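K.L.:
First, the structure itself, so that you have it in front of you.
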Protein chains: 2
Amino acid sequence: MDIKERLELFVEKCKEKKLKITPQRIAVYEVLLCSKEHPTVEEIYNKIKERYPYVSMATVYRTVEILESLGLVKRVCYWGNSTRYDANIEEHHHFICLKCGIIRDIHLNGDMYIPKEIDGLTVHSVAVNMYGLCSSCKN
Amino acid sequence: MDIKERLELFVEKCKEKKLKITPQRIAVYEVLLCSKEHPTVEEIYNKIKERYPYVSMATVYRTVEILESLGLVKRVCYWGNSTRYDANIEEHHHFICLKCGIIRDIHLNGDMYIPKEIDGLTVHSVAVNMYGLCSSCKN
DNA sequence: ATACCTGCAAAGGCTTTGCGGTTCG
DNA sequence: CGAACCGCAAAGCCTTTGCAGGTAT
């Protein structure tokens with residue numbers, strides 16, 4: 001699904017839930033869709049500010065929360081100070097550099113196997129974080 | 001390795017690094033060693049307070065940081081508000097209940113396979129978080 | 001028209017830091 | 001004795017919330 005289709009899906013979902021479609025909301029989702037860097041709220045805010053100088057951090061916080069509740073973005077859970085967001089919602093995992101902190105998407109397909117049931121508990125979703133040094137920091 | 005041996009190891013490591021062995025530090029590590037609940041700093045603090053009423057939160061924060069840097073405890077990375085700590089440093093993973101937030105240790109052994117090398121990047125460690133409903137919340 | 005949303009500023013958590021007094025080695 | 005540590009309080013982030021004015025439907 002490309003960016004335009006995803007934005008349309010967002011509009012659809014907003015209509016369903018009687019949420020209003022505002023330029024700020026579109027802008028937040030657009031930044032996330034165009035970024036592969038798993039940005040923080042502050043990074044999203046700074047990007048949006050270029051075009052909408054009066055946008056507020058609170059709006060960005062409120063919007064990522066909505067996007068998450070609609071299932072359009074995911075939090076990247078890791079031990080950094082601030083939460084990061086990812087508009088790629090296909091099953092994939094993350095490689096995090098222990099030195100510079102960069103997060104790279106990892107698609108493992110058949111190379112990895114994680115059971116969907118453990119001790120009688122059903123696993124709804126899995127987050128795999130791999131830690132190591134990225135190619136730049138390795139040298 | 002039992003609790004007593006682990007405490008001795010801690011003392012050893014402190015001597016190596018010229019860190020002082022204080023009752024507060026022992027108490028923090030002891031609480032972590034005796035707990036399977038992956039406590040937050042505040043929870044550790046409350047436990048210690050029973051025996052050392054004048055202990056301060058700052059000391060607990062400073063101590064878990066030392067323990068982490070010595071490789072004796074690990075942060076449990078998840079999307080809760082506060083960081084949790086785990087004195088179990090053997091390779092294992094976590095099942096987190098989406099409703100009540102309880103964290104259960106998972107030992108998968110051969111049931112799960114995660115490659116140690118990806119796209120030429122070496123994986124030093126892996127954190128797997130599985131999300132679902134615990135047996136209590138399922139009902 | 002009105003329900004919802006925004007920006008601002010203030011408040012709320014969790015965590016870190018600076019300082020004077022204390023303790024371990 | 002001296003370096004390292006502790007408790008306290010203040011300061012620092014990141015995030016959430018309340019409110020008055022503005023916007024989408």
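Convention: chains lettered A, B, ... in structure tokens order; per-chain residue numbering from 1; ligands numbered from 1 as shown.
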Using only C-alpha atoms (C1' of nucleotides), what does the table of chain B residues within 8 Å of chain C look like, with each row giving the shortest atom pair and its distance in Å to one decimal, sorted by chain and ascending number, as a tab-separated table?

P.N.:
residue	atom	partner	partner_atom	distance
B:Lys20	CA	C:DC24	C1'	6.5
B:Ile21	CA	C:DC24	C1'	7.5
B:Thr22	CA	C:DC24	C1'	7.5
B:Tyr61	CA	C:DT15	C1'	7.9
B:Asn81	CA	C:DC14	C1'	7.9
B:Ser82	CA	C:DC14	C1'	6.7

K.L.:
Store the residues picked out above, limited to all heavy atoms, as a PDB file, in the first residue's frame.

P.N.:
ATOM      1  N   LYS B  20      32.290   1.232  46.498  1.00  0.00           N
ATOM      2  CA  LYS B  20      32.117   0.852  47.896  1.00  0.00           C
ATOM      3  C   LYS B  20      30.897  -0.036  48.100  1.00  0.00           C
ATOM      4  O   LYS B  20      29.889   0.119  47.421  1.00  0.00           O
ATOM      5  CB  LYS B  20      32.027   2.102  48.767  1.00  0.00           C
ATOM      6  CG  LYS B  20      33.358   2.836  48.767  1.00  0.00           C
ATOM      7  CD  LYS B  20      33.414   3.949  49.760  1.00  0.00           C
ATOM      8  CE  LYS B  20      34.842   4.472  49.825  1.00  0.00           C
ATOM      9  NZ  LYS B  20      34.949   5.721  50.579  1.00  0.00           N
ATOM     10  N   ILE B  21      31.048  -0.950  49.049  1.00  0.00           N
ATOM     11  CA  ILE B  21      29.939  -1.847  49.348  1.00  0.00           C
ATOM     12  C   ILE B  21      29.182  -1.276  50.542  1.00  0.00           C
ATOM     13  O   ILE B  21      29.697  -1.239  51.655  1.00  0.00           O
ATOM     14  CB  ILE B  21      30.459  -3.258  49.660  1.00  0.00           C
ATOM     15  CG1 ILE B  21      31.160  -3.800  48.418  1.00  0.00           C
ATOM     16  CG2 ILE B  21      29.323  -4.164  50.097  1.00  0.00           C
ATOM     17  CD1 ILE B  21      32.390  -4.609  48.720  1.00  0.00           C
ATOM     18  N   THR B  22      27.979  -0.814  50.268  1.00  0.00           N
ATOM     19  CA  THR B  22      27.187  -0.188  51.326  1.00  0.00           C
ATOM     20  C   THR B  22      25.925  -1.002  51.571  1.00  0.00           C
ATOM     21  O   THR B  22      25.490  -1.754  50.688  1.00  0.00           O
ATOM     22  CB  THR B  22      26.787   1.243  50.925  1.00  0.00           C
ATOM     23  OG1 THR B  22      25.892   1.176  49.809  1.00  0.00           O
ATOM     24  CG2 THR B  22      27.998   2.071  50.549  1.00  0.00           C
ATOM     25  N   TYR B  61      17.975   4.729  42.419  1.00  0.00           N
ATOM     26  CA  TYR B  61      18.259   5.006  41.009  1.00  0.00           C
ATOM     27  C   TYR B  61      19.736   4.832  40.703  1.00  0.00           C
ATOM     28  O   TYR B  61      20.121   4.217  39.713  1.00  0.00           O
ATOM     29  CB  TYR B  61      17.834   6.437  40.640  1.00  0.00           C
ATOM     30  CG  TYR B  61      16.396   6.539  40.217  1.00  0.00           C
ATOM     31  CD1 TYR B  61      15.443   7.065  41.075  1.00  0.00           C
ATOM     32  CD2 TYR B  61      15.981   6.108  38.959  1.00  0.00           C
ATOM     33  CE1 TYR B  61      14.110   7.159  40.690  1.00  0.00           C
ATOM     34  CE2 TYR B  61      14.650   6.194  38.577  1.00  0.00           C
ATOM     35  CZ  TYR B  61      13.721   6.733  39.445  1.00  0.00           C
ATOM     36  OH  TYR B  61      12.408   6.820  39.056  1.00  0.00           O
ATOM     37  N   ASN B  81       5.155   3.003  31.900  1.00  0.00           N
ATOM     38  CA  ASN B  81       5.638   4.345  32.231  1.00  0.00           C
ATOM     39  C   ASN B  81       7.039   4.308  32.833  1.00  0.00           C
ATOM     40  O   ASN B  81       7.869   5.133  32.557  1.00  0.00           O
ATOM     41  CB  ASN B  81       4.712   5.040  33.229  1.00  0.00           C
ATOM     42  CG  ASN B  81       3.288   4.556  33.093  1.00  0.00           C
ATOM     43  OD1 ASN B  81       2.847   4.293  31.984  1.00  0.00           O
ATOM     44  ND2 ASN B  81       2.582   4.431  34.188  1.00  0.00           N
ATOM     45  N   SER B  82       7.279   3.347  33.707  1.00  0.00           N
ATOM     46  CA  SER B  82       8.582   3.377  34.375  1.00  0.00           C
ATOM     47  C   SER B  82       9.394   2.119  34.071  1.00  0.00           C
ATOM     48  O   SER B  82       8.850   1.047  33.828  1.00  0.00           O
ATOM     49  CB  SER B  82       8.399   3.539  35.878  1.00  0.00           C
ATOM     50  OG  SER B  82       7.146   3.077  36.299  1.00  0.00           O
TER      51      SER B  82
END

K.L.:
Would you mind listing, for every residue of chain D within 9 Å of chain B, the two atoms forming the shortest contact and the distance between them in Å to one decimal, using only C-alpha atoms (C1' of nucleotides), sorted by chain and ascending residue number, as JSON lines?

P.N.:
{"residue": "D:DA4", "atom": "C1'", "partner": "B:Lys20", "partner_atom": "CA", "distance": 6.9}
{"residue": "D:DC5", "atom": "C1'", "partner": "B:Lys20", "partner_atom": "CA", "distance": 7.7}
{"residue": "D:DC6", "atom": "C1'", "partner": "B:Thr59", "partner_atom": "CA", "distance": 7.1}
{"residue": "D:DG7", "atom": "C1'", "partner": "B:Ser56", "partner_atom": "CA", "distance": 5.9}
{"residue": "D:DC8", "atom": "C1'", "partner": "B:Ser56", "partner_atom": "CA", "distance": 8.3}

K.L.:
Next, the residues of the selection above should be written as a compact mmCIF listing (two decimals), in the first residue's frame with all heavy atoms.

P.N.:
# COMPACT_ATOMS: atom_id res chain seq x y z
P DA D 4 37.23 8.05 44.21
OP1 DA D 4 37.74 7.03 43.26
OP2 DA D 4 36.96 9.44 43.78
O5' DA D 4 35.90 7.49 44.88
C5' DA D 4 35.95 6.30 45.63
C4' DA D 4 34.66 6.15 46.40
O4' DA D 4 34.58 7.15 47.44
C3' DA D 4 33.41 6.31 45.55
O3' DA D 4 32.57 5.19 45.80
C2' DA D 4 32.78 7.61 46.05
C1' DA D 4 33.27 7.66 47.48
N9 DA D 4 33.37 9.00 48.04
C8 DA D 4 33.97 10.10 47.51
N7 DA D 4 33.90 11.18 48.26
C5 DA D 4 33.19 10.75 49.37
C6 DA D 4 32.77 11.41 50.54
N6 DA D 4 33.03 12.70 50.79
N1 DA D 4 32.06 10.70 51.45
C2 DA D 4 31.81 9.40 51.19
N3 DA D 4 32.16 8.67 50.14
C4 DA D 4 32.85 9.41 49.25
P DC D 5 31.19 5.04 45.13
OP1 DC D 5 31.00 3.60 44.94
OP2 DC D 5 31.10 5.99 44.01
O5' DC D 5 30.18 5.51 46.26
C5' DC D 5 30.17 4.80 47.49
C4' DC D 5 29.19 5.43 48.44
O4' DC D 5 29.66 6.75 48.79
C3' DC D 5 27.80 5.61 47.84
O3' DC D 5 26.85 4.92 48.64
C2' DC D 5 27.57 7.12 47.84
C1' DC D 5 28.54 7.59 48.92
N1 DC D 5 29.02 8.98 48.74
C2 DC D 5 28.77 9.91 49.74
O2 DC D 5 28.17 9.54 50.77
N3 DC D 5 29.20 11.18 49.58
C4 DC D 5 29.84 11.54 48.47
N4 DC D 5 30.24 12.79 48.35
C5 DC D 5 30.11 10.60 47.42
C6 DC D 5 29.68 9.34 47.60
P DC D 6 25.33 4.90 48.28
OP1 DC D 6 24.86 3.53 48.55
OP2 DC D 6 25.17 5.50 46.95
O5' DC D 6 24.68 5.88 49.34
C5' DC D 6 24.91 5.66 50.72
C4' DC D 6 24.21 6.76 51.51
O4' DC D 6 24.94 7.98 51.31
C3' DC D 6 22.79 7.00 51.00
O3' DC D 6 21.85 6.85 52.07
C2' DC D 6 22.80 8.44 50.49
C1' DC D 6 24.07 9.04 51.03
N1 DC D 6 24.77 9.91 50.04
C2 DC D 6 24.99 11.24 50.36
O2 DC D 6 24.61 11.67 51.45
N3 DC D 6 25.63 12.03 49.46
C4 DC D 6 26.03 11.53 48.29
N4 DC D 6 26.66 12.34 47.44
C5 DC D 6 25.81 10.16 47.95
C6 DC D 6 25.18 9.40 48.84
P DG D 7 20.32 6.83 51.75
OP1 DG D 7 19.71 5.87 52.68
OP2 DG D 7 20.11 6.70 50.30
O5' DG D 7 19.89 8.31 52.16
C5' DG D 7 20.05 8.78 53.48
C4' DG D 7 19.64 10.24 53.55
O4' DG D 7 20.53 11.02 52.71
C3' DG D 7 18.22 10.51 53.04
O3' DG D 7 17.56 11.39 53.95
C2' DG D 7 18.42 11.15 51.67
C1' DG D 7 19.79 11.79 51.79
N9 DG D 7 20.57 11.81 50.55
C8 DG D 7 20.71 10.77 49.65
N7 DG D 7 21.49 11.05 48.63
C5 DG D 7 21.88 12.36 48.87
C6 DG D 7 22.74 13.21 48.12
O6 DG D 7 23.32 12.96 47.05
N1 DG D 7 22.88 14.46 48.71
C2 DG D 7 22.29 14.84 49.89
N2 DG D 7 22.54 16.07 50.30
N3 DG D 7 21.49 14.06 50.61
C4 DG D 7 21.34 12.84 50.04
P DC D 8 16.05 11.76 53.81
OP1 DC D 8 15.52 11.88 55.19
OP2 DC D 8 15.43 10.84 52.84
O5' DC D 8 16.07 13.22 53.16
C5' DC D 8 16.81 14.25 53.79
C4' DC D 8 16.95 15.43 52.84
O4' DC D 8 17.89 15.11 51.80
C3' DC D 8 15.64 15.82 52.13
O3' DC D 8 15.27 17.12 52.55
C2' DC D 8 15.98 15.77 50.64
C1' DC D 8 17.50 15.78 50.62
N1 DC D 8 18.10 15.05 49.48
C2 DC D 8 19.05 15.69 48.67
O2 DC D 8 19.36 16.86 48.93
N3 DC D 8 19.59 15.01 47.64
C4 DC D 8 19.23 13.75 47.40
N4 DC D 8 19.81 13.12 46.37
C5 DC D 8 18.27 13.07 48.22
C6 DC D 8 17.73 13.75 49.24

K.L.:
Would you return as an MDAnalysis selection string the members of chain B that DSSP assigns to strand (DSSP E or B) on this structure's backbone?

P.N.:
chainID B and resid 40 74:76 84:86 93:97 103:106 113 117:118 121:132

K.L.:
Find the nearest atom pair between each residue of chain B and chain A for residues within 12 Å, count only C-alpha atoms, give distances in Å to one decimal, sort rows by chain and ascending number, and present the table as CSV.

P.N.:
residue,atom,partner,partner_atom,distance
B:Lys74,CA,A:Trp79,CA,10.8
B:Arg75,CA,A:Trp79,CA,7.8
B:Val76,CA,A:Trp79,CA,8.3
B:Cys77,CA,A:Tyr78,CA,5.4
B:Tyr78,CA,A:Cys77,CA,5.5
B:Trp79,CA,A:Cys77,CA,5.7
B:Gly80,CA,A:Cys77,CA,9.3
B:Asn81,CA,A:Thr83,CA,10.4
B:Ser82,CA,A:Trp79,CA,10.5
B:Thr83,CA,A:Trp79,CA,8.3
B:Arg84,CA,A:Trp79,CA,10.5
B:Tyr85,CA,A:Trp79,CA,11.7
B:His93,CA,A:Val128,CA,9.8
B:His94,CA,A:Val126,CA,9.9
B:Phe95,CA,A:Val123,CA,8.1
B:Ile96,CA,A:Val123,CA,9.4
B:Cys97,CA,A:Val123,CA,9.6
B:Leu98,CA,A:His124,CA,9.2
B:Arg104,CA,A:Leu121,CA,10.8
B:Asp105,CA,A:Ile118,CA,11.0
B:Ile106,CA,A:Ile118,CA,8.2
B:His107,CA,A:Ile118,CA,9.6
B:Leu108,CA,A:Ile118,CA,8.7
B:Asn109,CA,A:Ile114,CA,10.9
B:Gly110,CA,A:Tyr113,CA,9.9
B:Asp111,CA,A:Pro115,CA,7.0
B:Met112,CA,A:Ile114,CA,5.1
B:Tyr113,CA,A:Met112,CA,5.2
B:Ile114,CA,A:Met112,CA,5.1
B:Pro115,CA,A:Met112,CA,6.9
B:Lys116,CA,A:Met130,CA,9.1
B:Glu117,CA,A:Gly132,CA,9.8
B:Ile118,CA,A:Ile106,CA,8.2
B:Asp119,CA,A:Ile106,CA,9.0
B:Gly120,CA,A:Ser135,CA,8.3
B:Leu121,CA,A:Cys134,CA,6.6
B:Thr122,CA,A:Gly132,CA,6.0
B:Val123,CA,A:Gly132,CA,4.9
B:His124,CA,A:Gly132,CA,4.9
B:Ser125,CA,A:Tyr131,CA,5.2
B:Val126,CA,A:Met130,CA,4.5
B:Ala127,CA,A:Asn129,CA,5.1
B:Val128,CA,A:Val128,CA,4.5
B:Asn129,CA,A:Ala127,CA,5.1
B:Met130,CA,A:Val126,CA,4.5
B:Tyr131,CA,A:Ser125,CA,5.2
B:Gly132,CA,A:Val123,CA,4.9
B:Leu133,CA,A:Thr122,CA,7.1
B:Cys134,CA,A:Leu121,CA,6.6
B:Ser135,CA,A:Leu121,CA,6.9
B:Ser136,CA,A:Leu121,CA,10.6
B:Cys137,CA,A:Leu121,CA,10.8
B:Lys138,CA,A:Leu121,CA,9.0

K.L.:
Give the superposed chain B as a CSV table (one decimal) with C-alpha atoms, in the first residue's frame, the fit being least squares on chain A over all ordered C-alpha pairs.

P.N.:
chain,number,residue,atom,x,y,z
B,1,MET,CA,-0.1,-0.1,0.1
B,2,ASP,CA,1.4,3.3,-0.9
B,3,ILE,CA,1.3,6.6,1.0
B,4,LYS,CA,-1.8,7.9,-0.8
B,5,GLU,CA,-3.8,4.8,-0.1
B,6,ARG,CA,-2.7,4.8,3.5
B,7,LEU,CA,-3.8,8.4,4.0
B,8,GLU,CA,-7.2,7.5,2.5
B,9,LEU,CA,-7.5,4.6,4.9
B,10,PHE,CA,-6.8,7.1,7.7
B,11,VAL,CA,-9.6,9.4,6.5
B,12,GLU,CA,-11.9,6.4,6.3
B,13,LYS,CA,-11.1,5.3,9.8
B,14,CYS,CA,-11.6,8.9,11.1
B,15,LYS,CA,-15.0,9.1,9.5
B,16,GLU,CA,-16.0,5.8,11.1
B,17,LYS,CA,-15.0,7.0,14.6
B,18,LYS,CA,-16.4,10.5,14.1
B,19,LEU,CA,-12.9,11.9,14.4
B,20,LYS,CA,-12.3,15.1,12.5
B,21,ILE,CA,-9.8,15.3,9.6
B,22,THR,CA,-7.5,18.2,10.2
B,23,PRO,CA,-4.4,19.4,8.4
B,24,GLN,CA,-2.3,18.7,11.5
B,25,ARG,CA,-3.5,15.1,11.7
B,26,ILE,CA,-2.7,14.5,8.1
B,27,ALA,CA,0.7,16.2,8.5
B,28,VAL,CA,1.6,14.0,11.4
B,29,TYR,CA,0.7,10.8,9.6
B,30,GLU,CA,2.4,12.0,6.5
B,31,VAL,CA,5.7,12.6,8.3
B,32,LEU,CA,5.5,9.1,9.8
B,33,LEU,CA,4.6,7.5,6.5
B,34,CYS,CA,7.6,9.2,4.8
B,35,SER,CA,10.1,8.4,7.5
B,36,LYS,CA,12.0,5.3,8.1
B,37,GLU,CA,13.8,6.7,11.1
B,38,HIS,CA,11.2,5.8,13.7
B,39,PRO,CA,10.9,9.4,14.8
B,40,THR,CA,10.2,10.7,18.3
B,41,VAL,CA,7.3,13.1,18.8
B,42,GLU,CA,9.7,16.0,18.9
B,43,GLU,CA,11.2,15.0,15.5
B,44,ILE,CA,7.7,14.8,14.0
B,45,TYR,CA,6.9,18.2,15.5
B,46,ASN,CA,10.1,19.8,14.0
B,47,LYS,CA,9.3,18.4,10.6
B,48,ILE,CA,5.7,19.6,10.6
B,49,LYS,CA,6.8,23.0,11.9
B,50,GLU,CA,8.5,23.7,8.6
B,51,ARG,CA,5.1,23.9,6.9
B,52,TYR,CA,2.8,24.7,9.9
B,53,PRO,CA,4.9,27.0,12.1
B,54,TYR,CA,2.1,27.3,14.7
B,55,VAL,CA,1.6,23.6,15.3
B,56,SER,CA,1.9,22.6,18.9
B,57,MET,CA,3.7,19.6,20.5
B,58,ALA,CA,0.5,18.7,22.4
B,59,THR,CA,-1.3,18.2,19.1
B,60,VAL,CA,1.4,15.9,17.9
B,61,TYR,CA,1.2,13.9,21.1
B,62,ARG,CA,-2.6,13.7,20.8
B,63,THR,CA,-2.4,12.7,17.1
B,64,VAL,CA,0.1,9.8,17.5
B,65,GLU,CA,-2.1,8.5,20.3
B,66,ILE,CA,-5.1,8.5,17.9
B,67,LEU,CA,-3.0,6.9,15.1
B,68,GLU,CA,-1.9,4.2,17.5
B,69,SER,CA,-5.4,3.5,18.7
B,70,LEU,CA,-6.6,3.2,15.1
B,71,GLY,CA,-3.8,0.6,14.5
B,72,LEU,CA,-2.1,2.8,11.9
B,73,VAL,CA,1.2,3.3,13.8
B,74,LYS,CA,3.1,1.3,16.4
B,75,ARG,CA,5.3,2.4,19.3
B,76,VAL,CA,8.8,1.2,19.1
B,77,CYS,CA,9.6,-0.1,22.5
B,78,TYR,CA,13.1,0.4,23.5
B,79,TRP,CA,15.2,1.8,26.4
B,80,GLY,CA,15.7,5.2,24.9
B,81,ASN,CA,14.4,8.3,26.7
B,82,SER,CA,11.5,9.1,24.4
B,83,THR,CA,9.0,7.0,22.6
B,84,ARG,CA,9.4,6.4,18.9
B,85,TYR,CA,6.7,5.7,16.3
B,86,ASP,CA,6.6,3.5,13.3
B,87,ALA,CA,4.1,3.7,10.5
B,88,ASN,CA,5.2,0.4,9.1
B,89,ILE,CA,2.7,-2.0,10.7
B,90,GLU,CA,3.6,-5.1,8.8
B,91,GLU,CA,5.2,-7.8,11.1
B,92,HIS,CA,8.9,-6.8,11.3
B,93,HIS,CA,11.5,-6.3,14.0
B,94,HIS,CA,14.3,-4.0,15.0
B,95,PHE,CA,18.0,-3.9,15.2
B,96,ILE,CA,19.2,-1.2,17.5
B,97,CYS,CA,22.8,0.0,17.6
B,98,LEU,CA,24.1,0.0,21.1
B,99,LYS,CA,26.4,3.0,20.3
B,100,CYS,CA,24.5,5.5,18.2
B,101,GLY,CA,21.0,4.2,18.8
B,102,ILE,CA,19.9,4.0,15.2
B,103,ILE,CA,17.0,1.6,14.6
B,104,ARG,CA,17.0,-0.5,11.5
B,105,ASP,CA,14.0,-2.6,10.3
B,106,ILE,CA,14.6,-6.3,10.1
B,107,HIS,CA,12.5,-8.7,8.1
B,108,LEU,CA,13.3,-12.2,9.0
B,109,ASN,CA,10.6,-14.3,7.3
B,110,GLY,CA,11.6,-17.9,7.7
B,111,ASP,CA,14.9,-17.4,9.4
B,112,MET,CA,13.1,-16.9,12.7
B,113,TYR,CA,10.4,-18.8,14.5
B,114,ILE,CA,8.5,-17.7,17.4
B,115,PRO,CA,5.6,-19.8,18.7
B,116,LYS,CA,2.1,-18.3,18.7
B,117,GLU,CA,1.1,-20.2,21.8
B,118,ILE,CA,3.1,-20.6,25.0
B,119,ASP,CA,2.0,-22.4,28.2
B,120,GLY,CA,-1.5,-22.1,27.0
B,121,LEU,CA,-1.2,-18.4,26.5
B,122,THR,CA,-2.0,-17.0,23.1
B,123,VAL,CA,0.5,-14.5,21.7
B,124,HIS,CA,-1.2,-11.7,19.9
B,125,SER,CA,1.9,-9.9,18.8
B,126,VAL,CA,5.6,-10.0,19.2
B,127,ALA,CA,8.3,-7.4,19.4
B,128,VAL,CA,11.8,-8.5,18.8
B,129,ASN,CA,14.6,-6.1,19.5
B,130,MET,CA,18.1,-7.1,18.5
B,131,TYR,CA,21.0,-5.2,19.9
B,132,GLY,CA,24.5,-4.8,18.4
B,133,LEU,CA,26.7,-2.4,16.6
B,134,CYS,CA,25.6,-0.9,13.2
B,135,SER,CA,28.1,-1.0,10.3
B,136,SER,CA,29.1,2.6,10.9
B,137,CYS,CA,29.8,2.1,14.6
B,138,LYS,CA,31.6,-1.2,14.1
B,139,ASN,CA,34.6,0.6,12.8

K.L.:
From range 50-114 of chain B, collect each residue whose DSSP state is alpha helix (DSSP H) and return the set as a list in words.

P.N.:
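After running DSSP on the backbone, range 50-114 of chain B has alpha helix (DSSP H) at Met57, Ala58, Thr59, Val60, Tyr61, Arg62, Thr63, Val64, Glu65, Ile66, Leu67, Glu68 and Ser69 of chain B.
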